[in-house]
$ cat run-v5.cif   # mmCIF, N, CA, C and O atoms
data_coords
loop_
_atom_site.group_PDB
_atom_site.id
_atom_site.type_symbol
_atom_site.label_atom_id
_atom_site.label_comp_id
_atom_site.auth_asym_id
_atom_site.auth_seq_id
_atom_site.Cartn_x
_atom_site.Cartn_y
_atom_site.Cartn_z
ATOM 1 N N MET P 30 0.813 -1.188 0.000
ATOM 2 C CA MET P 30 0.000 0.000 0.000
ATOM 3 C C MET P 30 0.859 1.256 0.000
ATOM 4 O O MET P 30 0.548 2.222 -0.679
ATOM 5 N N ALA P 31 1.939 1.222 0.741
ATOM 6 C CA ALA P 31 2.828 2.387 0.789
ATOM 7 C C ALA P 31 3.421 2.666 -0.586
ATOM 8 O O ALA P 31 3.578 3.832 -0.957
ATOM 9 N N ASP P 32 3.745 1.613 -1.325
ATOM 10 C CA ASP P 32 4.302 1.798 -2.667
ATOM 11 C C ASP P 32 3.285 2.442 -3.599
ATOM 12 O O ASP P 32 3.628 3.277 -4.431
ATOM 13 N N ASP P 33 2.007 2.050 -3.448
ATOM 14 C CA ASP P 33 0.949 2.657 -4.256
ATOM 15 C C ASP P 33 0.836 4.146 -3.956
ATOM 16 O O ASP P 33 0.665 4.961 -4.854
ATOM 17 N N PHE P 34 0.916 4.474 -2.684
ATOM 18 C CA PHE P 34 0.818 5.875 -2.272
ATOM 19 C C PHE P 34 1.997 6.679 -2.810
ATOM 20 O O PHE P 34 1.822 7.788 -3.313
ATOM 21 N N LYS P 35 3.184 6.102 -2.734
ATOM 22 C CA LYS P 35 4.374 6.775 -3.258
ATOM 23 C C LYS P 35 4.247 7.008 -4.760
ATOM 24 O O LYS P 35 4.620 8.062 -5.269
ATOM 25 N N ALA P 36 3.723 6.018 -5.469
ATOM 26 C CA ALA P 36 3.536 6.152 -6.912
ATOM 27 C C ALA P 36 2.515 7.238 -7.226
ATOM 28 O O ALA P 36 2.688 8.018 -8.174
ATOM 29 N N LEU P 37 1.455 7.310 -6.438
ATOM 30 C CA LEU P 37 0.439 8.349 -6.631
ATOM 31 C C LEU P 37 1.039 9.739 -6.430
ATOM 32 O O LEU P 37 0.814 10.645 -7.240
ATOM 33 N N ILE P 38 1.804 9.903 -5.373
ATOM 34 C CA ILE P 38 2.440 11.195 -5.089
ATOM 35 C C ILE P 38 3.394 11.574 -6.215
ATOM 36 O O ILE P 38 3.418 12.712 -6.676
ATOM 37 N N ALA P 39 4.175 10.622 -6.689
ATOM 38 C CA ALA P 39 5.116 10.888 -7.788
ATOM 39 C C ALA P 39 4.356 11.320 -9.044
ATOM 40 O O ALA P 39 4.777 12.263 -9.735
ATOM 41 N N ALA P 40 3.257 10.661 -9.335
ATOM 42 C CA ALA P 40 2.461 11.016 -10.510
ATOM 43 C C ALA P 40 1.864 12.410 -10.362
ATOM 44 O O ALA P 40 1.835 13.193 -11.326
ATOM 45 N N GLN P 41 1.415 12.740 -9.158
ATOM 46 C CA GLN P 41 0.856 14.073 -8.916
ATOM 47 C C GLN P 41 1.925 15.153 -9.083
ATOM 48 O O GLN P 41 1.666 16.211 -9.653
ATOM 49 N N LYS P 42 3.121 14.878 -8.584
ATOM 50 C CA LYS P 42 4.209 15.846 -8.735
ATOM 51 C C LYS P 42 4.545 16.060 -10.209
ATOM 52 O O LYS P 42 4.792 17.193 -10.640
ATOM 53 N N GLU P 43 4.562 14.989 -10.979
ATOM 54 C CA GLU P 43 4.871 15.095 -12.407
ATOM 55 C C GLU P 43 3.781 15.879 -13.134
ATOM 56 O O GLU P 43 4.073 16.730 -13.968
ATOM 57 N N THR P 44 2.537 15.603 -12.797
ATOM 58 C CA THR P 44 1.427 16.325 -13.419
ATOM 59 C C THR P 44 1.505 17.811 -13.086
ATOM 60 O O THR P 44 1.339 18.670 -13.960
ATOM 61 N N THR P 45 1.763 18.116 -11.837
ATOM 62 C CA THR P 45 1.881 19.517 -11.417
ATOM 63 C C THR P 45 3.006 20.196 -12.186
ATOM 64 O O THR P 45 2.854 21.314 -12.666
ATOM 65 N N ARG P 46 4.124 19.515 -12.332
ATOM 66 C CA ARG P 46 5.264 20.094 -13.051
ATOM 67 C C ARG P 46 4.915 20.349 -14.522
ATOM 68 O O ARG P 46 5.313 21.360 -15.102
ATOM 69 N N GLN P 47 4.161 19.452 -15.121
ATOM 70 C CA GLN P 47 3.766 19.630 -16.514
ATOM 71 C C GLN P 47 2.837 20.821 -16.696
ATOM 72 O O GLN P 47 2.825 21.449 -17.752
ATOM 73 N N LEU P 48 2.073 21.142 -15.668
ATOM 74 C CA LEU P 48 1.145 22.269 -15.743
ATOM 75 C C LEU P 48 1.841 23.620 -15.541
ATOM 76 O O LEU P 48 1.262 24.661 -15.831
ATOM 77 N N MET P 49 3.067 23.591 -15.060
ATOM 78 C CA MET P 49 3.814 24.831 -14.813
ATOM 79 C C MET P 49 4.332 25.405 -16.131
ATOM 80 O O MET P 49 4.638 24.667 -17.063
ATOM 81 N N ASN P 50 4.458 26.738 -16.160
ATOM 82 C CA ASN P 50 5.117 27.345 -17.316
ATOM 83 C C ASN P 50 6.631 27.324 -17.081
ATOM 84 O O ASN P 50 7.098 26.903 -16.015
ATOM 85 N N ASP P 51 7.405 27.763 -18.033
ATOM 86 C CA ASP P 51 8.872 27.698 -17.942
ATOM 87 C C ASP P 51 9.407 28.457 -16.737
ATOM 88 O O ASP P 51 10.316 27.984 -16.053
ATOM 89 N N GLU P 52 8.851 29.632 -16.477
ATOM 90 C CA GLU P 52 9.329 30.439 -15.342
ATOM 91 C C GLU P 52 9.037 29.746 -14.017
ATOM 92 O O GLU P 52 9.880 29.739 -13.109
ATOM 93 N N GLU P 53 7.865 29.152 -13.896
ATOM 94 C CA GLU P 53 7.516 28.449 -12.663
ATOM 95 C C GLU P 53 8.407 27.228 -12.467
ATOM 96 O O GLU P 53 8.845 26.950 -11.351
ATOM 97 N N ARG P 54 8.684 26.498 -13.554
ATOM 98 C CA ARG P 54 9.578 25.334 -13.453
ATOM 99 C C ARG P 54 10.977 25.765 -13.036
ATOM 100 O O ARG P 54 11.622 25.126 -12.201
ATOM 101 N N ALA P 55 11.455 26.860 -13.624
ATOM 102 C CA ALA P 55 12.790 27.354 -13.275
ATOM 103 C C ALA P 55 12.840 27.753 -11.805
ATOM 104 O O ALA P 55 13.817 27.449 -11.097
ATOM 105 N N GLU P 56 11.814 28.417 -11.328
ATOM 106 C CA GLU P 56 11.764 28.813 -9.915
ATOM 107 C C GLU P 56 11.695 27.590 -9.013
ATOM 108 O O GLU P 56 12.366 27.520 -7.978
ATOM 109 N N ASP P 57 10.904 26.605 -9.414
ATOM 110 C CA ASP P 57 10.800 25.376 -8.638
ATOM 111 C C ASP P 57 12.148 24.657 -8.589
ATOM 112 O O ASP P 57 12.572 24.191 -7.525
ATOM 113 N N ASP P 58 12.837 24.584 -9.728
ATOM 114 C CA ASP P 58 14.170 23.968 -9.780
ATOM 115 C C ASP P 58 15.153 24.713 -8.891
ATOM 116 O O ASP P 58 15.951 24.100 -8.176
ATOM 117 N N ARG P 59 15.103 26.048 -8.935
ATOM 118 C CA ARG P 59 16.004 26.857 -8.114
ATOM 119 C C ARG P 59 15.755 26.602 -6.622
ATOM 120 O O ARG P 59 16.680 26.416 -5.843
ATOM 121 N N ARG P 60 14.466 26.555 -6.249
ATOM 122 C CA ARG P 60 14.103 26.317 -4.853
ATOM 123 C C ARG P 60 14.564 24.927 -4.399
ATOM 124 O O ARG P 60 15.121 24.765 -3.304
ATOM 125 N N LYS P 61 14.358 23.924 -5.251
ATOM 126 C CA LYS P 61 14.787 22.567 -4.900
ATOM 127 C C LYS P 61 16.305 22.487 -4.749
ATOM 128 O O LYS P 61 16.817 21.815 -3.844
ATOM 129 N N GLU P 62 17.034 23.161 -5.636
ATOM 130 C CA GLU P 62 18.495 23.171 -5.548
ATOM 131 C C GLU P 62 18.951 23.864 -4.264
ATOM 132 O O GLU P 62 19.889 23.412 -3.600
ATOM 133 N N GLU P 63 18.272 24.947 -3.921
ATOM 134 C CA GLU P 63 18.603 25.666 -2.681
ATOM 135 C C GLU P 63 18.375 24.768 -1.468
ATOM 136 O O GLU P 63 19.217 24.702 -0.566
ATOM 137 N N GLN P 64 17.247 24.059 -1.444
ATOM 138 C CA GLN P 64 16.968 23.135 -0.348
ATOM 139 C C GLN P 64 18.012 22.021 -0.296
ATOM 140 O O GLN P 64 18.446 21.614 0.791
ATOM 141 N N HIS P 65 18.412 21.534 -1.451
ATOM 142 C CA HIS P 65 19.433 20.494 -1.520
ATOM 143 C C HIS P 65 20.743 20.996 -0.912
ATOM 144 O O HIS P 65 21.387 20.294 -0.122
ATOM 145 N N GLN P 66 21.134 22.218 -1.277
ATOM 146 C CA GLN P 66 22.379 22.767 -0.755
ATOM 147 C C GLN P 66 22.323 22.950 0.761
ATOM 148 O O GLN P 66 23.317 22.718 1.462
ATOM 149 N N VAL P 67 21.161 23.335 1.281
ATOM 150 C CA VAL P 67 20.999 23.473 2.730
ATOM 151 C C VAL P 67 21.199 22.110 3.404
ATOM 152 O O VAL P 67 21.897 22.006 4.422
ATOM 153 N N ARG P 68 20.608 21.066 2.824
ATOM 154 C CA ARG P 68 20.777 19.718 3.395
ATOM 155 C C ARG P 68 22.227 19.251 3.323
ATOM 156 O O ARG P 68 22.746 18.639 4.259
ATOM 157 N N VAL P 69 22.888 19.548 2.202
ATOM 158 C CA VAL P 69 24.291 19.159 2.047
ATOM 159 C C VAL P 69 25.143 19.860 3.109
ATOM 160 O O VAL P 69 25.981 19.225 3.766
ATOM 161 N N GLN P 70 24.927 21.148 3.289
ATOM 162 C CA GLN P 70 25.699 21.896 4.285
ATOM 163 C C GLN P 70 25.425 21.374 5.697
ATOM 164 O O GLN P 70 26.341 21.281 6.516
ATOM 165 N N ALA P 71 24.177 21.038 5.982
ATOM 166 C CA ALA P 71 23.843 20.490 7.301
ATOM 167 C C ALA P 71 24.550 19.151 7.513
ATOM 168 O O ALA P 71 25.056 18.876 8.614
ATOM 169 N N GLY P 72 24.603 18.345 6.478
ATOM 170 C CA GLY P 72 25.307 17.064 6.578
ATOM 171 C C GLY P 72 26.787 17.250 6.821
ATOM 172 O O GLY P 72 27.392 16.542 7.632
ATOM 173 N N ARG P 73 27.371 18.198 6.113
ATOM 174 C CA ARG P 73 28.806 18.482 6.318
ATOM 175 C C ARG P 73 29.064 18.975 7.736
ATOM 176 O O ARG P 73 30.024 18.564 8.383
ATOM 177 N N LYS P 74 28.209 19.872 8.223
ATOM 178 C CA LYS P 74 28.373 20.407 9.579
ATOM 179 C C LYS P 74 28.255 19.280 10.605
ATOM 180 O O LYS P 74 29.043 19.205 11.549
ATOM 181 N N ALA P 75 27.282 18.396 10.395
ATOM 182 C CA ALA P 75 27.110 17.265 11.320
ATOM 183 C C ALA P 75 28.340 16.366 11.300
ATOM 184 O O ALA P 75 28.817 15.928 12.352
ATOM 185 N N TRP P 76 28.872 16.103 10.097
ATOM 186 C CA TRP P 76 30.067 15.261 9.983
ATOM 187 C C TRP P 76 31.252 15.924 10.691
ATOM 188 O O TRP P 76 31.987 15.271 11.425
ATOM 189 N N GLU P 77 31.429 17.224 10.481
ATOM 190 C CA GLU P 77 32.531 17.942 11.123
ATOM 191 C C GLU P 77 32.390 17.907 12.636
ATOM 192 O O GLU P 77 33.374 17.710 13.355
ATOM 193 N N THR P 78 31.167 18.083 13.123
ATOM 194 C CA THR P 78 30.928 18.043 14.563
ATOM 195 C C THR P 78 31.263 16.671 15.131
ATOM 196 O O THR P 78 31.908 16.564 16.183
ATOM 197 N N ARG P 79 30.853 15.615 14.428
ATOM 198 C CA ARG P 79 31.185 14.257 14.888
ATOM 199 C C ARG P 79 32.687 14.042 14.910
ATOM 200 O O ARG P 79 33.233 13.442 15.845
ATOM 201 N N GLN P 80 33.377 14.525 13.883
ATOM 202 C CA GLN P 80 34.827 14.367 13.827
ATOM 203 C C GLN P 80 35.500 15.097 14.993
ATOM 204 O O GLN P 80 36.423 14.568 15.616
ATOM 205 N N GLU P 81 35.022 16.311 15.273
ATOM 206 C CA GLU P 81 35.598 17.078 16.385
ATOM 207 C C GLU P 81 35.364 16.365 17.713
ATOM 208 O O GLU P 81 36.274 16.274 18.545
ATOM 209 N N LYS P 82 34.153 15.854 17.918
ATOM 210 C CA LYS P 82 33.845 15.149 19.166
ATOM 211 C C LYS P 82 34.663 13.868 19.278
ATOM 212 O O LYS P 82 35.149 13.534 20.372
ATOM 213 N N ASN P 83 34.829 13.156 18.160
ATOM 214 C CA ASN P 83 35.653 11.948 18.179
ATOM 215 C C ASN P 83 37.099 12.287 18.523
ATOM 216 O O ASN P 83 37.749 11.571 19.296
ATOM 217 N N GLN P 84 37.616 13.379 17.967
ATOM 218 C CA GLN P 84 38.989 13.798 18.249
ATOM 219 C C GLN P 84 39.141 14.168 19.723
ATOM 220 O O GLN P 84 40.111 13.786 20.368
ATOM 221 N N GLU P 85 38.166 14.912 20.246
ATOM 222 C CA GLU P 85 38.220 15.294 21.659
ATOM 223 C C GLU P 85 38.182 14.057 22.550
ATOM 224 O O GLU P 85 38.919 13.978 23.543
ATOM 225 N N GLU P 86 37.328 13.104 22.210
ATOM 226 C CA GLU P 86 37.211 11.883 23.004
ATOM 227 C C GLU P 86 38.512 11.082 22.942
ATOM 228 O O GLU P 86 38.975 10.550 23.960
ATOM 229 N N THR P 87 39.130 11.021 21.766
ATOM 230 C CA THR P 87 40.397 10.313 21.604
ATOM 231 C C THR P 87 41.487 10.979 22.453
ATOM 232 O O THR P 87 42.237 10.300 23.164
ATOM 233 N N GLU P 88 41.553 12.305 22.392
ATOM 234 C CA GLU P 88 42.544 13.019 23.194
ATOM 235 C C GLU P 88 42.314 12.817 24.684
ATOM 236 O O GLU P 88 43.254 12.631 25.449
ATOM 237 N N LYS P 89 41.048 12.826 25.092
ATOM 238 C CA LYS P 89 40.720 12.614 26.512
ATOM 239 C C LYS P 89 41.135 11.216 26.954
ATOM 240 O O LYS P 89 41.742 11.043 28.015
ATOM 241 N N ASN P 90 40.861 10.220 26.114
ATOM 242 C CA ASN P 90 41.243 8.853 26.432
ATOM 243 C C ASN P 90 42.763 8.692 26.479
ATOM 244 O O ASN P 90 43.293 7.981 27.330
ATOM 245 N N ASN P 91 43.468 9.351 25.582
ATOM 246 C CA ASN P 91 44.926 9.280 25.574
ATOM 247 C C ASN P 91 45.505 9.906 26.840
ATOM 248 O O ASN P 91 46.473 9.405 27.392
ATOM 249 N N GLU P 92 44.913 11.015 27.293
ATOM 250 C CA GLU P 92 45.384 11.648 28.529
ATOM 251 C C GLU P 92 45.166 10.753 29.727
ATOM 252 O O GLU P 92 45.988 10.708 30.644
ATOM 253 N N LEU P 93 44.057 10.039 29.754
ATOM 254 C CA LEU P 93 43.760 9.148 30.876
ATOM 255 C C LEU P 93 44.709 7.953 30.900
ATOM 256 O O LEU P 93 44.999 7.435 31.988
ATOM 257 N N GLN P 94 45.207 7.538 29.753
ATOM 258 C CA GLN P 94 46.114 6.388 29.695
ATOM 259 C C GLN P 94 47.512 6.759 30.117
ATOM 260 O O GLN P 94 48.293 5.898 30.491
ATOM 261 N N ILE P 95 47.839 8.029 30.078
ATOM 262 C CA ILE P 95 49.204 8.440 30.417
ATOM 263 C C ILE P 95 49.448 8.442 31.866
ATOM 264 O O ILE P 95 49.059 8.319 32.807
#
$ encode --input "run-v5.cif" --output "structure tokens"
Amino acid sequence: MADDFKALIAAQKETTRQLMNDEERAEDDRRKEEQHQVRVQAGRKAWETRQEKNQEETEKNNELQI
């Protein structure tokens, strides 16, 4: 059932896109790209934060072993 729902949503999105004029499609593409870049940056920030925390934890563990 979930697959049917996903297919319905995909078809609706395609139909909506076909009804858009060129300017609306371009704006929609720009907005989607902007959202994508925000997600990419958030992922990078999360990865950097994890790396920093891992480094701090490693340094803390090394100090305790000394």
$ atom_distance --input "run-v5.cif" --atom1 "atom O of Asp57 in chain P" --atom2 "CA of Lys42 in chain P"
11.9 Å
$ atom_distance --input "run-v5.cif" --atom1 "CA of Gln70 in chain P" --atom2 "atom N of Ala36 in chain P"
28.8 Å
$ atom_distance --input "run-v5.cif" --atom1 "CA of Asn50 in chain P" --atom2 "CA of Glu63 in chain P"
20.0 Å
$ axis_aligned_box --input "run-v5.cif" --around "range 61-68 of chain P" --padding-each-side "8 Å" --output "JSON"
{"center_x": 18.8, "center_y": 22.2, "center_z": -0.6, "size_x": 25.0, "size_y": 23.0, "size_z": 26.1}
$ decode --input "run-v5.cif" --residues "range 31-68 of chain P" --atoms "N, CA and C atoms" --output "PDB file, in the first residue's frame"
ATOM      1  N   ALA P  31       1.939   1.222   0.741  1.00  0.00           N
ATOM      2  CA  ALA P  31       2.828   2.387   0.789  1.00  0.00           C
ATOM      3  C   ALA P  31       3.421   2.666  -0.586  1.00  0.00           C
ATOM      4  N   ASP P  32       3.745   1.613  -1.325  1.00  0.00           N
ATOM      5  CA  ASP P  32       4.302   1.798  -2.667  1.00  0.00           C
ATOM      6  C   ASP P  32       3.285   2.442  -3.599  1.00  0.00           C
ATOM      7  N   ASP P  33       2.007   2.050  -3.448  1.00  0.00           N
ATOM      8  CA  ASP P  33       0.949   2.657  -4.256  1.00  0.00           C
ATOM      9  C   ASP P  33       0.836   4.146  -3.956  1.00  0.00           C
ATOM     10  N   PHE P  34       0.916   4.474  -2.684  1.00  0.00           N
ATOM     11  CA  PHE P  34       0.818   5.875  -2.272  1.00  0.00           C
ATOM     12  C   PHE P  34       1.997   6.679  -2.810  1.00  0.00           C
ATOM     13  N   LYS P  35       3.184   6.102  -2.734  1.00  0.00           N
ATOM     14  CA  LYS P  35       4.374   6.775  -3.258  1.00  0.00           C
ATOM     15  C   LYS P  35       4.247   7.008  -4.760  1.00  0.00           C
ATOM     16  N   ALA P  36       3.723   6.018  -5.469  1.00  0.00           N
ATOM     17  CA  ALA P  36       3.536   6.152  -6.912  1.00  0.00           C
ATOM     18  C   ALA P  36       2.515   7.238  -7.226  1.00  0.00           C
ATOM     19  N   LEU P  37       1.455   7.310  -6.438  1.00  0.00           N
ATOM     20  CA  LEU P  37       0.439   8.349  -6.631  1.00  0.00           C
ATOM     21  C   LEU P  37       1.039   9.739  -6.430  1.00  0.00           C
ATOM     22  N   ILE P  38       1.804   9.903  -5.373  1.00  0.00           N
ATOM     23  CA  ILE P  38       2.440  11.195  -5.089  1.00  0.00           C
ATOM     24  C   ILE P  38       3.394  11.574  -6.215  1.00  0.00           C
ATOM     25  N   ALA P  39       4.175  10.622  -6.689  1.00  0.00           N
ATOM     26  CA  ALA P  39       5.116  10.888  -7.788  1.00  0.00           C
ATOM     27  C   ALA P  39       4.356  11.320  -9.044  1.00  0.00           C
ATOM     28  N   ALA P  40       3.257  10.661  -9.335  1.00  0.00           N
ATOM     29  CA  ALA P  40       2.461  11.016 -10.510  1.00  0.00           C
ATOM     30  C   ALA P  40       1.864  12.410 -10.362  1.00  0.00           C
ATOM     31  N   GLN P  41       1.415  12.740  -9.158  1.00  0.00           N
ATOM     32  CA  GLN P  41       0.856  14.073  -8.916  1.00  0.00           C
ATOM     33  C   GLN P  41       1.925  15.153  -9.083  1.00  0.00           C
ATOM     34  N   LYS P  42       3.121  14.878  -8.584  1.00  0.00           N
ATOM     35  CA  LYS P  42       4.209  15.846  -8.735  1.00  0.00           C
ATOM     36  C   LYS P  42       4.545  16.060 -10.209  1.00  0.00           C
ATOM     37  N   GLU P  43       4.562  14.989 -10.979  1.00  0.00           N
ATOM     38  CA  GLU P  43       4.871  15.095 -12.407  1.00  0.00           C
ATOM     39  C   GLU P  43       3.781  15.879 -13.134  1.00  0.00           C
ATOM     40  N   THR P  44       2.537  15.603 -12.797  1.00  0.00           N
ATOM     41  CA  THR P  44       1.427  16.325 -13.419  1.00  0.00           C
ATOM     42  C   THR P  44       1.505  17.811 -13.086  1.00  0.00           C
ATOM     43  N   THR P  45       1.763  18.116 -11.837  1.00  0.00           N
ATOM     44  CA  THR P  45       1.881  19.517 -11.417  1.00  0.00           C
ATOM     45  C   THR P  45       3.006  20.196 -12.186  1.00  0.00           C
ATOM     46  N   ARG P  46       4.124  19.515 -12.332  1.00  0.00           N
ATOM     47  CA  ARG P  46       5.264  20.094 -13.051  1.00  0.00           C
ATOM     48  C   ARG P  46       4.915  20.349 -14.522  1.00  0.00           C
ATOM     49  N   GLN P  47       4.161  19.452 -15.121  1.00  0.00           N
ATOM     50  CA  GLN P  47       3.766  19.630 -16.514  1.00  0.00           C
ATOM     51  C   GLN P  47       2.837  20.821 -16.696  1.00  0.00           C
ATOM     52  N   LEU P  48       2.073  21.142 -15.668  1.00  0.00           N
ATOM     53  CA  LEU P  48       1.145  22.269 -15.743  1.00  0.00           C
ATOM     54  C   LEU P  48       1.841  23.620 -15.541  1.00  0.00           C
ATOM     55  N   MET P  49       3.067  23.591 -15.060  1.00  0.00           N
ATOM     56  CA  MET P  49       3.814  24.831 -14.813  1.00  0.00           C
ATOM     57  C   MET P  49       4.332  25.405 -16.131  1.00  0.00           C
ATOM     58  N   ASN P  50       4.458  26.738 -16.160  1.00  0.00           N
ATOM     59  CA  ASN P  50       5.117  27.345 -17.316  1.00  0.00           C
ATOM     60  C   ASN P  50       6.631  27.324 -17.081  1.00  0.00           C
ATOM     61  N   ASP P  51       7.405  27.763 -18.033  1.00  0.00           N
ATOM     62  CA  ASP P  51       8.872  27.698 -17.942  1.00  0.00           C
ATOM     63  C   ASP P  51       9.407  28.457 -16.737  1.00  0.00           C
ATOM     64  N   GLU P  52       8.851  29.632 -16.477  1.00  0.00           N
ATOM     65  CA  GLU P  52       9.329  30.439 -15.342  1.00  0.00           C
ATOM     66  C   GLU P  52       9.037  29.746 -14.017  1.00  0.00           C
ATOM     67  N   GLU P  53       7.865  29.152 -13.896  1.00  0.00           N
ATOM     68  CA  GLU P  53       7.516  28.449 -12.663  1.00  0.00           C
ATOM     69  C   GLU P  53       8.407  27.228 -12.467  1.00  0.00           C
ATOM     70  N   ARG P  54       8.684  26.498 -13.554  1.00  0.00           N
ATOM     71  CA  ARG P  54       9.578  25.334 -13.453  1.00  0.00           C
ATOM     72  C   ARG P  54      10.977  25.765 -13.036  1.00  0.00           C
ATOM     73  N   ALA P  55      11.455  26.860 -13.624  1.00  0.00           N
ATOM     74  CA  ALA P  55      12.790  27.354 -13.275  1.00  0.00           C
ATOM     75  C   ALA P  55      12.840  27.753 -11.805  1.00  0.00           C
ATOM     76  N   GLU P  56      11.814  28.417 -11.328  1.00  0.00           N
ATOM     77  CA  GLU P  56      11.764  28.813  -9.915  1.00  0.00           C
ATOM     78  C   GLU P  56      11.695  27.590  -9.013  1.00  0.00           C
ATOM     79  N   ASP P  57      10.904  26.605  -9.414  1.00  0.00           N
ATOM     80  CA  ASP P  57      10.800  25.376  -8.638  1.00  0.00           C
ATOM     81  C   ASP P  57      12.148  24.657  -8.589  1.00  0.00           C
ATOM     82  N   ASP P  58      12.837  24.584  -9.728  1.00  0.00           N
ATOM     83  CA  ASP P  58      14.170  23.968  -9.780  1.00  0.00           C
ATOM     84  C   ASP P  58      15.153  24.713  -8.891  1.00  0.00           C
ATOM     85  N   ARG P  59      15.103  26.048  -8.935  1.00  0.00           N
ATOM     86  CA  ARG P  59      16.004  26.857  -8.114  1.00  0.00           C
ATOM     87  C   ARG P  59      15.755  26.602  -6.622  1.00  0.00           C
ATOM     88  N   ARG P  60      14.466  26.555  -6.249  1.00  0.00           N
ATOM     89  CA  ARG P  60      14.103  26.317  -4.853  1.00  0.00           C
ATOM     90  C   ARG P  60      14.564  24.927  -4.399  1.00  0.00           C
ATOM     91  N   LYS P  61      14.358  23.924  -5.251  1.00  0.00           N
ATOM     92  CA  LYS P  61      14.787  22.567  -4.900  1.00  0.00           C
ATOM     93  C   LYS P  61      16.305  22.487  -4.749  1.00  0.00           C
ATOM     94  N   GLU P  62      17.034  23.161  -5.636  1.00  0.00           N
ATOM     95  CA  GLU P  62      18.495  23.171  -5.548  1.00  0.00           C
ATOM     96  C   GLU P  62      18.951  23.864  -4.264  1.00  0.00           C
ATOM     97  N   GLU P  63      18.272  24.947  -3.921  1.00  0.00           N
ATOM     98  CA  GLU P  63      18.603  25.666  -2.681  1.00  0.00           C
ATOM     99  C   GLU P  63      18.375  24.768  -1.468  1.00  0.00           C
ATOM    100  N   GLN P  64      17.247  24.059  -1.444  1.00  0.00           N
ATOM    101  CA  GLN P  64      16.968  23.135  -0.348  1.00  0.00           C
ATOM    102  C   GLN P  64      18.012  22.021  -0.296  1.00  0.00           C
ATOM    103  N   HIS P  65      18.412  21.534  -1.451  1.00  0.00           N
ATOM    104  CA  HIS P  65      19.433  20.494  -1.520  1.00  0.00           C
ATOM    105  C   HIS P  65      20.743  20.996  -0.912  1.00  0.00           C
ATOM    106  N   GLN P  66      21.134  22.218  -1.277  1.00  0.00           N
ATOM    107  CA  GLN P  66      22.379  22.767  -0.755  1.00  0.00           C
ATOM    108  C   GLN P  66      22.323  22.950   0.761  1.00  0.00           C
ATOM    109  N   VAL P  67      21.161  23.335   1.281  1.00  0.00           N
ATOM    110  CA  VAL P  67      20.999  23.473   2.730  1.00  0.00           C
ATOM    111  C   VAL P  67      21.199  22.110   3.404  1.00  0.00           C
ATOM    112  N   ARG P  68      20.608  21.066   2.824  1.00  0.00           N
ATOM    113  CA  ARG P  68      20.777  19.718   3.395  1.00  0.00           C
ATOM    114  C   ARG P  68      22.227  19.251   3.323  1.00  0.00           C
TER     115      ARG P  68
END
